[in-house]
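J.: This is the content of structure-v8.txt (compact mmCIF, C-alpha atoms):
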# COMPACT_ATOMS: atom_id res chain seq x y z
CA MET A 1 120.80 151.06 101.80
CA ILE A 2 118.96 147.80 101.87
CA ASP A 3 119.08 146.02 105.20
CA ASP A 4 121.07 142.77 105.57
CA GLU A 5 118.13 141.18 107.35
CA ILE A 6 115.98 141.73 104.24
CA LEU A 7 118.65 140.21 101.98
CA MET A 8 118.90 137.17 104.26
CA ALA A 9 115.14 136.76 104.34
CA TYR A 10 115.21 136.93 100.53
CA VAL A 11 117.75 134.10 100.16
CA ASP A 12 115.95 132.12 102.88
CA GLY A 13 112.71 132.30 100.90
CA GLU A 14 110.94 134.13 103.69
CA LEU A 15 109.66 137.14 101.74
CA ASP A 16 106.22 137.44 100.18
CA PRO A 17 106.01 138.16 96.42
CA ALA A 18 105.84 141.93 96.96
CA GLY A 19 108.91 141.82 99.21
CA ARG A 20 110.80 139.73 96.68
CA ALA A 21 109.94 142.09 93.86
CA GLU A 22 111.18 145.02 95.92
CA VAL A 23 114.53 143.34 96.67
CA GLU A 24 114.96 142.42 93.01
CA ALA A 25 114.25 145.99 91.94
CA ARG A 26 116.77 147.33 94.46
CA ILE A 27 119.60 144.99 93.54
CA ALA A 28 119.01 145.66 89.83
CA ARG A 29 120.09 149.25 90.33
CA ASP A 30 122.57 148.77 93.21
CA PRO A 31 125.59 146.56 92.36
CA ALA A 32 126.93 146.71 95.93
CA ALA A 33 123.63 145.36 97.26
CA ALA A 34 123.71 142.67 94.59
CA ARG A 35 127.17 141.56 95.75
CA ARG A 36 125.97 141.39 99.34
CA LEU A 37 123.01 139.33 98.23
CA TRP A 38 125.31 136.90 96.40
CA ARG A 39 127.45 136.48 99.48
CA HIS A 40 124.37 135.63 101.52
CA ARG A 41 123.25 133.20 98.86
CA ASP A 42 126.71 131.60 98.68
CA LEU A 43 126.83 131.19 102.45
CA ARG A 44 123.45 129.50 102.44
CA THR A 45 124.54 127.15 99.65
CA ASN A 46 127.79 126.41 101.44
CA LEU A 47 126.14 125.63 104.78
CA SER A 48 123.40 123.56 103.21
CA HIS A 49 126.20 121.07 102.43
CA ALA A 50 127.84 121.31 105.83
CA PHE A 51 128.04 118.01 107.70
CA SER A 52 126.24 116.35 104.79
CA ASP A 53 128.70 113.41 104.87
CA VAL A 54 126.78 112.06 107.81
CA LEU A 55 123.70 111.60 105.62
CA ASP A 56 125.53 108.87 103.69
CA GLU A 57 127.07 107.12 106.67
CA PRO A 58 125.43 103.93 107.85
CA ALA A 59 123.69 104.74 111.13
CA PRO A 60 124.92 102.89 114.22
CA VAL A 61 122.74 99.90 115.08
CA ARG A 62 122.05 101.31 118.54
CA LEU A 63 120.46 104.43 117.00
CA ILE A 64 118.35 102.40 114.61
CA ALA A 65 117.20 100.32 117.57
CA ALA A 66 116.46 103.50 119.56
CA ALA A 67 114.48 104.94 116.63
CA MET A 68 112.48 101.71 116.55
CA GLY A 69 111.79 102.07 120.26
CA ALA A 70 113.72 98.94 121.23
CA ALA A 71 113.97 98.73 124.99
CA ALA A 72 116.64 96.82 126.84
CA PRO A 73 114.40 94.71 129.13
CA GLU A 74 112.64 93.08 126.19
CA VAL A 75 115.97 92.01 124.86
CA ALA A 76 116.86 89.87 127.83
CA ALA A 77 113.64 87.97 127.29
CA ALA A 78 114.16 87.49 123.57
CA PRO A 79 113.36 83.94 122.48
CA ALA A 80 116.21 81.69 121.51
CA PRO A 81 116.65 81.22 117.79
CA ALA A 82 115.34 78.05 116.28
CA VAL A 83 118.70 77.28 114.76
CA ASP A 84 121.27 76.45 117.38
CA LEU A 85 124.25 78.66 116.64
CA ALA A 86 126.58 80.54 118.90
CA ALA A 87 125.54 82.40 122.02
CA ALA A 88 122.85 85.02 121.60
CA ARG A 89 124.90 88.15 121.59
CA VAL A 90 126.15 90.69 119.17
CA VAL A 91 129.72 91.77 119.74
CA ARG A 92 130.85 95.12 118.53
CA PRO A 93 134.45 94.38 117.71
CA GLN A 94 135.59 98.01 117.67
CA GLY A 95 135.15 98.05 121.43
CA ARG A 96 134.18 101.68 121.30
CA TRP A 97 130.54 101.21 122.11
CA ARG A 98 128.85 99.29 124.78
CA VAL A 99 127.23 96.12 123.54
CA TRP A 100 123.83 97.40 122.55
CA PRO A 101 120.71 95.44 123.03
CA VAL A 102 119.70 95.07 119.44
CA VAL A 103 119.60 91.33 119.83
CA GLY A 104 115.95 91.70 120.77
CA LEU A 105 115.19 92.88 117.28
CA MET A 106 117.37 90.26 115.75
CA ALA A 107 116.76 87.25 117.86
CA ALA A 108 113.10 86.38 117.47
CA CYS A 109 112.44 83.10 115.84
CA LEU A 110 114.07 81.86 112.71
CA ALA A 111 111.28 79.97 111.01
CA ALA A 112 111.88 76.79 109.13
CA GLY A 113 111.67 77.09 105.38
CA LEU A 114 113.19 80.53 105.30
CA ALA A 115 115.31 79.88 102.26
CA VAL A 116 113.89 82.47 100.02
CA GLY A 117 113.69 83.43 96.42
CA VAL A 118 114.83 86.61 94.84
CA GLY A 119 112.95 88.26 92.05
CA PHE A 120 115.29 88.35 89.11
CA ARG A 121 116.71 86.05 86.48
CA LEU A 122 120.33 85.13 86.70
CA ARG A 123 121.88 86.57 83.58
CA GLU A 124 124.03 83.93 81.96
CA SER A 125 126.56 86.49 80.78
CA VAL A 126 127.52 87.71 84.24
CA PRO A 127 129.60 85.34 86.36
CA ALA A 128 128.52 85.29 90.00
CA VAL A 129 132.03 85.96 91.28
CA THR A 130 135.19 87.66 90.19
CA VAL A 131 138.67 87.89 91.68
CA ARG A 132 139.69 91.24 93.09
CA ASP A 133 142.84 91.76 95.15
CA GLY A 134 143.11 88.04 95.67
CA ALA A 135 139.59 87.70 97.06
CA LEU A 136 136.56 86.09 95.48
CA VAL A 137 134.11 88.95 95.19
CA ALA A 138 130.40 88.53 94.46
CA GLN A 139 129.14 90.53 91.51
CA GLY A 140 126.06 90.91 89.34
CA PRO A 141 122.89 89.20 90.52
CA LEU A 142 124.65 87.39 93.36
CA ALA A 143 125.98 90.68 94.77
CA ASP A 144 122.51 92.22 94.35
CA ALA A 145 120.85 89.33 96.16
CA LEU A 146 123.34 89.45 99.02
CA GLU A 147 123.06 93.20 99.39
CA TYR A 148 119.35 93.78 98.91
CA HIS A 149 117.23 90.70 99.34
CA LEU A 150 115.75 89.72 102.64
CA ALA A 151 115.11 86.17 103.69
CA SER A 152 111.38 86.77 103.71
CA LYS A 153 108.91 86.23 100.87
CA PRO A 154 109.48 82.82 99.36
CA ALA A 155 109.63 82.65 95.58
CA ARG A 156 109.92 79.10 94.36
CA ASP A 157 111.95 79.33 91.20
CA ALA A 158 114.33 82.20 91.86
CA PRO A 159 117.86 81.46 90.71
CA ILE A 160 119.55 82.70 93.89
CA ARG A 161 118.14 82.12 97.32
CA ILE A 162 119.45 83.68 100.49
CA GLY A 163 119.50 81.23 103.40
CA PHE A 164 120.14 83.27 106.51
CA SER A 165 122.27 86.11 107.81
CA PHE A 166 124.36 86.30 110.96
CA PRO A 167 126.96 88.56 112.60
CA SER A 168 130.53 87.44 112.00
CA ARG A 169 133.47 87.65 114.31
CA ASN A 170 135.45 89.23 111.49
CA GLY A 171 133.16 92.26 111.57
CA GLY A 172 130.13 92.77 109.37
CA TYR A 173 127.49 90.21 108.56
CA CYS A 174 127.65 87.02 106.54
CA ARG A 175 124.87 85.34 104.55
CA THR A 176 124.43 81.89 103.15
CA PHE A 177 123.09 81.48 99.63
CA VAL A 178 122.20 78.85 97.05
CA ILE A 179 122.50 79.36 93.31
CA SER A 180 120.01 76.94 91.82
CA ARG A 181 120.92 77.28 88.16
CA GLY A 182 123.31 74.98 86.37
CA GLU A 183 125.68 73.22 88.75
CA ARG A 184 123.75 74.32 91.87
CA THR A 185 126.16 75.95 94.27
CA ALA A 186 125.75 76.65 97.96
CA GLY A 187 127.94 79.20 99.63
CA LEU A 188 128.65 81.73 102.25
CA ALA A 189 129.60 85.36 101.68
CA CYS A 190 130.62 88.04 104.15
CA ARG A 191 130.25 91.77 103.73
CA GLY A 192 133.59 93.54 103.56
CA PRO A 193 133.95 97.29 103.53
CA ALA A 194 133.43 97.50 99.78
CA ALA A 195 131.95 94.23 98.59
CA TRP A 196 130.65 90.79 99.42
CA ILE A 197 133.53 88.35 99.75
CA VAL A 198 132.62 84.76 98.94
CA ARG A 199 134.16 82.70 101.72
CA MET A 200 132.94 79.31 100.62
CA ALA A 201 131.26 77.74 97.61
CA VAL A 202 130.40 74.04 97.50
CA PRO A 203 128.05 71.82 95.51
CA ALA A 204 124.54 72.31 96.83
CA PRO A 205 122.41 69.40 98.02
CA SER A 206 119.93 68.26 95.41
CA ARG A 207 116.76 70.21 94.95
CA PRO A 208 114.05 69.43 97.51
CA ARG A 209 111.24 67.36 96.02
CA ALA A 210 107.91 69.03 95.28
CA GLY A 211 105.92 69.51 98.45
CA GLU A 212 108.97 69.06 100.68
CA ASP A 213 109.67 71.99 102.94
CA ARG A 214 112.83 73.87 102.39
CA THR A 215 114.65 74.29 105.64
CA VAL A 216 117.99 75.59 106.69
CA GLY A 217 119.12 72.06 107.34
CA SER A 218 118.11 70.62 104.00
CA ASP A 219 119.24 73.57 101.94
CA THR A 220 122.60 74.36 103.49
CA PRO A 221 125.41 71.83 103.12
CA PRO A 222 127.04 70.61 106.35
CA GLU A 223 130.39 72.19 105.52
CA THR A 224 128.68 75.56 105.17
CA LEU A 225 126.92 75.11 108.50
CA ARG A 226 130.26 74.31 110.11
CA MET A 227 131.70 77.53 108.76
CA VAL A 228 128.66 79.41 110.08
CA ASP A 229 129.31 77.93 113.51
CA ASP A 230 132.92 78.95 113.29
CA LEU A 231 132.27 82.54 112.21
CA SER A 232 129.10 83.57 113.96
CA THR A 233 129.01 85.67 117.10
CA GLY A 234 125.25 85.74 117.38
CA PRO A 235 122.02 84.14 116.23
CA PRO A 236 120.73 84.45 112.67
CA LEU A 237 118.82 87.64 112.01
CA ASP A 238 115.07 87.59 111.75
CA VAL A 239 113.32 89.48 108.99
CA ALA A 240 112.98 92.73 110.95
CA ALA A 241 116.61 92.63 111.97
CA GLU A 242 117.71 91.93 108.40
CA SER A 243 115.87 94.96 107.09
CA ILE A 244 117.62 97.10 109.69
CA VAL A 245 121.04 95.66 109.10
CA ARG A 246 120.53 96.07 105.36
CA MET A 247 120.20 99.82 105.94
CA ARG A 248 123.61 99.66 107.57
CA ARG A 249 124.99 97.93 104.49
CA TRP A 250 125.54 94.80 106.53
CA GLN A 251 128.21 96.33 108.71
CA PHE A 252 128.35 96.70 112.46
CA MET B 26 106.63 99.04 111.71
CA ASP B 27 104.25 101.85 112.63
CA ALA B 28 104.29 105.42 111.29
CA PHE B 29 106.12 106.73 114.34
CA GLN B 30 108.95 104.24 113.94
CA ARG B 31 109.14 104.84 110.21
CA ASP B 32 109.21 108.63 110.65
CA LEU B 33 112.00 108.41 113.21
CA LEU B 34 114.03 106.04 111.05
CA ASP B 35 113.60 108.28 108.00
CA LEU B 36 114.65 111.27 110.04
CA LEU B 37 117.67 109.55 111.61
CA PRO B 38 120.32 110.78 109.12
CA ARG B 39 119.16 114.37 109.58
CA LEU B 40 119.04 114.03 113.35
CA ARG B 41 122.64 112.85 113.26
CA ARG B 42 123.64 115.79 111.05
CA PHE B 43 121.87 118.30 113.29
CA ALA B 44 123.49 116.82 116.39
CA ARG B 45 126.91 116.77 114.75
CA ALA B 46 126.58 120.43 113.80
CA LEU B 47 125.71 121.23 117.42
CA THR B 48 128.15 119.13 119.38
CA ARG B 49 131.54 119.36 117.65
CA ASP B 50 132.12 115.65 118.15
CA VAL B 51 130.96 112.58 116.26
CA ALA B 52 130.53 110.29 119.28
CA ASP B 53 128.86 113.01 121.37
CA ALA B 54 126.51 113.73 118.48
CA ASP B 55 125.35 110.13 118.29
CA ASP B 56 124.98 109.99 122.07
CA LEU B 57 122.81 113.09 121.84
CA VAL B 58 120.64 111.52 119.13
CA HIS B 59 120.33 108.39 121.25
CA VAL B 60 119.15 110.36 124.29
CA ALA B 61 116.72 112.34 122.13
CA LEU B 62 115.25 109.20 120.54
CA GLU B 63 114.68 107.69 123.96
CA ARG B 64 112.98 110.89 125.10
CA ALA B 65 110.89 110.94 121.93
CA TRP B 66 109.61 107.46 122.75
CA GLY B 67 109.00 108.49 126.36
CA GLN B 68 107.00 111.50 125.18
CA ARG B 69 105.32 109.78 122.28
CA SER B 70 101.85 110.66 123.56
CA ALA B 71 102.80 114.35 123.25
CA TRP B 72 103.28 113.99 119.50
CA ARG B 73 100.15 114.61 117.51
CA ASP B 74 99.78 112.04 114.77
CA GLY B 75 99.81 113.53 111.31
CA THR B 76 101.85 116.59 112.26
CA ARG B 77 105.42 117.01 111.09
CA ILE B 78 107.63 115.03 113.39
CA GLU B 79 110.80 116.82 112.35
CA GLY B 80 110.35 120.01 114.38
CA TRP B 81 109.17 118.03 117.37
CA VAL B 82 112.27 115.80 117.45
CA PHE B 83 114.60 118.72 116.71
CA THR B 84 113.13 120.44 119.77
CA ILE B 85 113.86 117.35 121.84
CA ILE B 86 117.45 117.31 120.56
CA LYS B 87 117.86 121.00 121.33
CA THR B 88 116.56 120.54 124.87
CA ALA B 89 118.76 117.49 125.45
CA TRP B 90 121.75 119.37 124.08
CA ILE B 91 121.16 122.32 126.40
CA ASP B 92 120.81 119.91 129.32
CA GLU B 93 124.11 118.28 128.36
CA THR B 94 126.06 121.49 127.93
CA ARG B 95 124.91 122.59 131.39
CA THR B 96 126.45 119.47 132.87
CA PRO B 97 130.19 120.13 132.67
CA LYS B 98 131.12 116.66 133.89
CA ARG B 99 129.83 115.13 130.70
CA ARG B 100 132.24 114.44 127.90
CA GLY B 101 131.44 117.03 125.25
CA GLY B 102 130.03 119.43 127.83
CA LEU B 103 131.49 122.80 128.66
CA ALA B 104 134.58 121.27 130.21
CA SER B 105 135.84 119.92 126.92
CA ILE B 106 134.92 122.80 124.66
CA GLY B 107 138.32 124.46 124.98
CA GLU B 108 139.90 121.18 124.07
CA ALA B 109 137.52 120.75 121.15
CA ILE B 110 138.31 124.20 119.81
CA GLU B 111 142.00 123.36 119.91
CA SER B 112 141.52 120.24 117.89
CA ILE B 113 139.16 122.00 115.49
CA ALA B 114 141.86 124.56 114.82
CA ASP B 115 143.80 121.79 113.12
CA PRO B 116 141.65 120.48 110.31
CA GLY B 117 143.75 117.34 110.02
CA VAL B 118 142.80 116.37 113.56
CA ALA B 119 139.31 117.77 113.78
CA ASP B 120 137.53 115.05 111.88
CA LEU B 121 139.74 112.07 112.47
CA GLU B 122 136.70 109.92 113.02
CA THR B 123 134.95 110.82 109.79
CA GLY B 124 138.17 110.55 107.83
CA ARG B 125 138.05 113.95 106.27
CA ALA B 126 138.91 117.48 107.26
CA ALA B 127 136.11 119.78 108.35
CA THR B 128 135.29 122.42 105.80
CA ALA B 129 136.05 126.03 106.63
CA ALA B 130 132.31 126.68 106.95
CA GLU B 131 131.90 123.82 109.41
CA ARG B 132 134.77 125.04 111.58
CA ALA B 133 133.44 128.60 111.51
CA LEU B 134 129.97 127.36 112.44
CA LEU B 135 131.33 125.51 115.46
CA ASP B 136 132.93 128.71 116.73
CA LEU B 137 129.63 130.60 116.93
CA PRO B 138 127.97 131.17 120.29
CA ASP B 139 125.43 128.43 121.05
CA ASP B 140 122.26 130.39 120.34
CA GLN B 141 123.55 131.69 117.00
CA ARG B 142 124.84 128.27 116.03
CA LEU B 143 121.45 126.74 116.78
CA ALA B 144 119.67 129.34 114.63
CA VAL B 145 122.11 128.93 111.73
CA CYS B 146 121.96 125.12 111.93
CA LEU B 147 118.19 125.04 111.83
CA VAL B 148 117.71 127.51 108.97
CA LEU B 149 120.83 127.14 106.83
CA VAL B 150 121.96 123.56 107.46
CA GLU B 151 118.58 121.90 108.04
CA GLY B 152 116.55 124.22 105.82
CA LEU B 153 113.74 124.98 108.27
CA SER B 154 111.56 128.05 107.82
CA TYR B 155 111.91 130.91 110.30
CA ARG B 156 108.62 129.90 111.90
CA GLU B 157 109.69 126.27 112.30
CA ALA B 158 113.13 127.23 113.60
CA ALA B 159 111.68 129.69 116.13
CA ASP B 160 109.33 126.94 117.33
CA VAL B 161 112.22 124.52 117.78
CA MET B 162 114.19 127.14 119.71
CA GLU B 163 111.06 128.14 121.63
CA VAL B 164 111.74 131.82 121.04
CA PRO B 165 109.78 134.59 119.25
CA ILE B 166 110.51 134.88 115.54
CA ASP B 167 112.34 138.21 115.89
CA ALA B 168 114.71 136.63 118.41
CA LEU B 169 115.45 133.95 115.84
CA THR B 170 116.09 136.45 113.03
CA SER B 171 118.38 138.56 115.20
CA ARG B 172 120.47 135.46 116.02
CA LEU B 173 120.56 134.55 112.34
CA VAL B 174 121.74 138.03 111.39
CA ARG B 175 124.51 138.01 114.01
CA GLY B 176 125.53 134.44 113.27
CA ARG B 177 125.73 135.05 109.55
CA ALA B 178 127.68 138.27 109.97
CA ALA B 179 130.23 136.39 112.09
CA LEU B 180 130.45 133.56 109.58
CA MET B 181 130.95 135.91 106.64
CA ALA B 182 133.62 137.82 108.55
CA GLU B 183 135.37 134.54 109.36
CA LEU B 184 135.11 133.03 105.91
CA GLY B 185 135.95 136.16 103.95
CA PRO B 186 134.73 137.05 100.47
CA GLY B 187 135.00 133.49 99.17
CA GLY B 188 132.77 132.02 101.86
The structure given in the file should be rewritten as structure tokens.

T.:
Amino acid sequence: MIDDEILMAYVDGELDPAGRAEVEARIARDPAAARRLWRHRDLRTNLSHAFSDVLDEPAPVRLIAAAMGAAAPEVAAAPAPAVDLAAARVVRPQGRWRVWPVVGLMAACLAAGLAVGVGFRLRESVPAVTVRDGALVAQGPLADALEYHLASKPARDAPIRIGFSFPSRNGGYCRTFVISRGERTAGLACRGPAAWIVRMAVPAPSRPRAGEDRTVGSDTPPETLRMVDDLSTGPPLDVAAESIVRMRRWQF
Amino acid sequence: MDAFQRDLLDLLPRLRRFARALTRDVADADDLVHVALERAWGQRSAWRDGTRIEGWVFTIIKTAWIDETRTPKRRGGLASIGEAIESIADPGVADLETGRAATAAERALLDLPDDQRLAVCLVLVEGLSYREAADVMEVPIDALTSRLVRGRAALMAELGPGG
């Protein structure tokens, strides 16, 4: 009778070609051995999916920071953001975790002129928002820009520009944006569990003249800045922090 | 971002899975990953650039896990295992935090003795080769295969013909 250890090694891919051929010859003439082999193969398949849900979960910020080698002492010394928003802290509203020192990654300076282009054309046929369950939900290119684009490489003529991103007291992160096609709209959207909810949309200030720097101040209407002040629990994210938070799908 | 940071970030989902398979508890698993990542940074000079980082970090997790389970005071240590087994016995309670019931295979895996569970996790859940898994466990390869054989026999007995 063929040994279980050999059958396991076969399904684990640990046998050399001669060993594999021998197992295959044996199971071809021994139905009981073949059934045992299938059970081993099924168990391997079954366990290869065990705990796989965790692979799709957003990783906690504290683990991302730990993977990046973020150390607590550097955080305390993090420079203040250039834009004066709320106190430099990130609150984890669930209260389950300690407040983790990711601010160091996020705090660094917020450079002027960070309003940034995104690399696609706004398709006329897709409205930027839709109504779902009574909320204004971003869709199409606006949803893509909010979800994927970082406030980093400036592109002058992109139809949607992300201003900046900040942690919100409602949980999750919010981002300001400007749609520069047609009516020109400035707004603020916050990431909910399933989608970006547009919290505010107002007429955008006129386009900056050629050669004039785009800054947060000139690009974001005052009413939007007031809402940012009201919602934010921490400084705007810098580019490195944005790329990390993006991996977490903009949730705490 | 340097290669070390990128490798650790890329590996993070699998580190969390490995830790979850070991610890029986979502929060304990993430605490374990956190400790291991800090140790990895502390021991960074011990990692040879260009080699596979996976086995190295898995070894750190295994060592940290053994340290934790030998400290009964810790939440998730030996003191709470009886409690954990009770909650695991009820699939509706077992995975409250992940919002879904543990599969039969996951529950059976968590009931294995530690050394068998480690072997099964490394080879069958994480897909490591026998050589890699033996290196992570820091045991000879025949010790690994004997744990795999015993662990699998127990799992198949628990899960029955459908498992």

J.: Which residue out of A:Arg44, A:Arg248, A:Arg226, A:His149 has the minimum interatomic distance to chain B when all atoms listed in the file are used?

T.: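 That would be A:Arg44, the residue with the smallest distance to chain B.
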
J.: To one decimal place, how far is atom CA of A:Ser243 from atom CA of A:Thr185 in Å?

T.: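 It comes out at 25.1 Å.
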
J.: Please identify all polymer residues within 6 Å of stretch 129-144 of chain B, counting all atoms listed in the file, omitting same-chain residues fewer than 4 positions from it, and present them as a list in words.

T.: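 Using all atoms listed in the file, the neighbours found are Ala50 of chain A; Arg172, Leu173 and Gly176 of chain B.
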
J.: Go ahead and save the picked residues with C-alpha atoms, as a PDB file, in the coordinates of the input.

T.:
ATOM      1  CA  ALA A  50     127.840 121.310 105.830  1.00  0.00           C
TER       2      ALA A  50
ATOM      3  CA  ARG B 172     120.470 135.460 116.020  1.00  0.00           C
ATOM      4  CA  LEU B 173     120.560 134.550 112.340  1.00  0.00           C
ATOM      5  CA  GLY B 176     125.530 134.440 113.270  1.00  0.00           C
TER       6      GLY B 176
END

J.: Residues of chain B within 8 Å of chain A: nearest atom pair and distance (Å, one decimal) for each, counting only C-alpha atoms, sorted by chain and number, as a Markdown table?

T.:
| residue | atom | partner | partner_atom | distance |
| --- | --- | --- | --- | --- |
| B:Gln30 | CA | A:Met68 | CA | 5.1 |
| B:Arg31 | CA | A:Met68 | CA | 7.8 |
| B:Leu33 | CA | A:Ala67 | CA | 5.5 |
| B:Leu34 | CA | A:Ala67 | CA | 5.7 |
| B:Leu37 | CA | A:Ala67 | CA | 7.5 |
| B:Pro38 | CA | A:Leu55 | CA | 4.9 |
| B:Arg39 | CA | A:Leu55 | CA | 6.6 |
| B:Arg41 | CA | A:Val54 | CA | 6.9 |
| B:Arg42 | CA | A:Val54 | CA | 5.9 |
| B:Arg45 | CA | A:Phe51 | CA | 7.2 |
| B:Ala46 | CA | A:Phe51 | CA | 6.7 |
| B:Asp55 | CA | A:Leu63 | CA | 7.6 |
| B:Val58 | CA | A:Leu63 | CA | 7.4 |
| B:His59 | CA | A:Leu63 | CA | 5.8 |
| B:Leu62 | CA | A:Ala67 | CA | 5.8 |
| B:Glu63 | CA | A:Ala66 | CA | 6.3 |
| B:Trp66 | CA | A:Gly69 | CA | 6.3 |
| B:Thr128 | CA | A:Ala50 | CA | 7.5 |
| B:Ala130 | CA | A:Leu47 | CA | 6.6 |
| B:Glu131 | CA | A:Ala50 | CA | 6.0 |
| B:Val148 | CA | A:Asp12 | CA | 7.8 |
| B:Leu149 | CA | A:Arg44 | CA | 5.6 |
| B:Val150 | CA | A:Ser48 | CA | 4.5 |
| B:Glu151 | CA | A:Ser48 | CA | 7.0 |
| B:Gly152 | CA | A:Ser48 | CA | 7.4 |
| B:Ser154 | CA | A:Glu14 | CA | 7.4 |
| B:Tyr155 | CA | A:Glu14 | CA | 7.4 |
| B:Thr170 | CA | A:Glu5 | CA | 7.7 |
| B:Val174 | CA | A:Glu5 | CA | 6.3 |
| B:Met181 | CA | A:Leu43 | CA | 7.5 |
| B:Pro186 | CA | A:Arg39 | CA | 7.4 |
| B:Gly188 | CA | A:Leu43 | CA | 6.0 |

J.: If I take atom CA of B:Arg77 and atom CA of B:Asp32, how far is one from the other in Å, to one decimal?

T.: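 Those two atoms sit 9.2 Å apart.
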
J.: From the options A:Ile197, A:Pro167, A:Cys174, A:Arg161, which residue's atoms come nearest to A:Gln139, counting only C-alpha atoms?

T.: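 Closest to A:Gln139, using only C-alpha atoms: A:Ile197.
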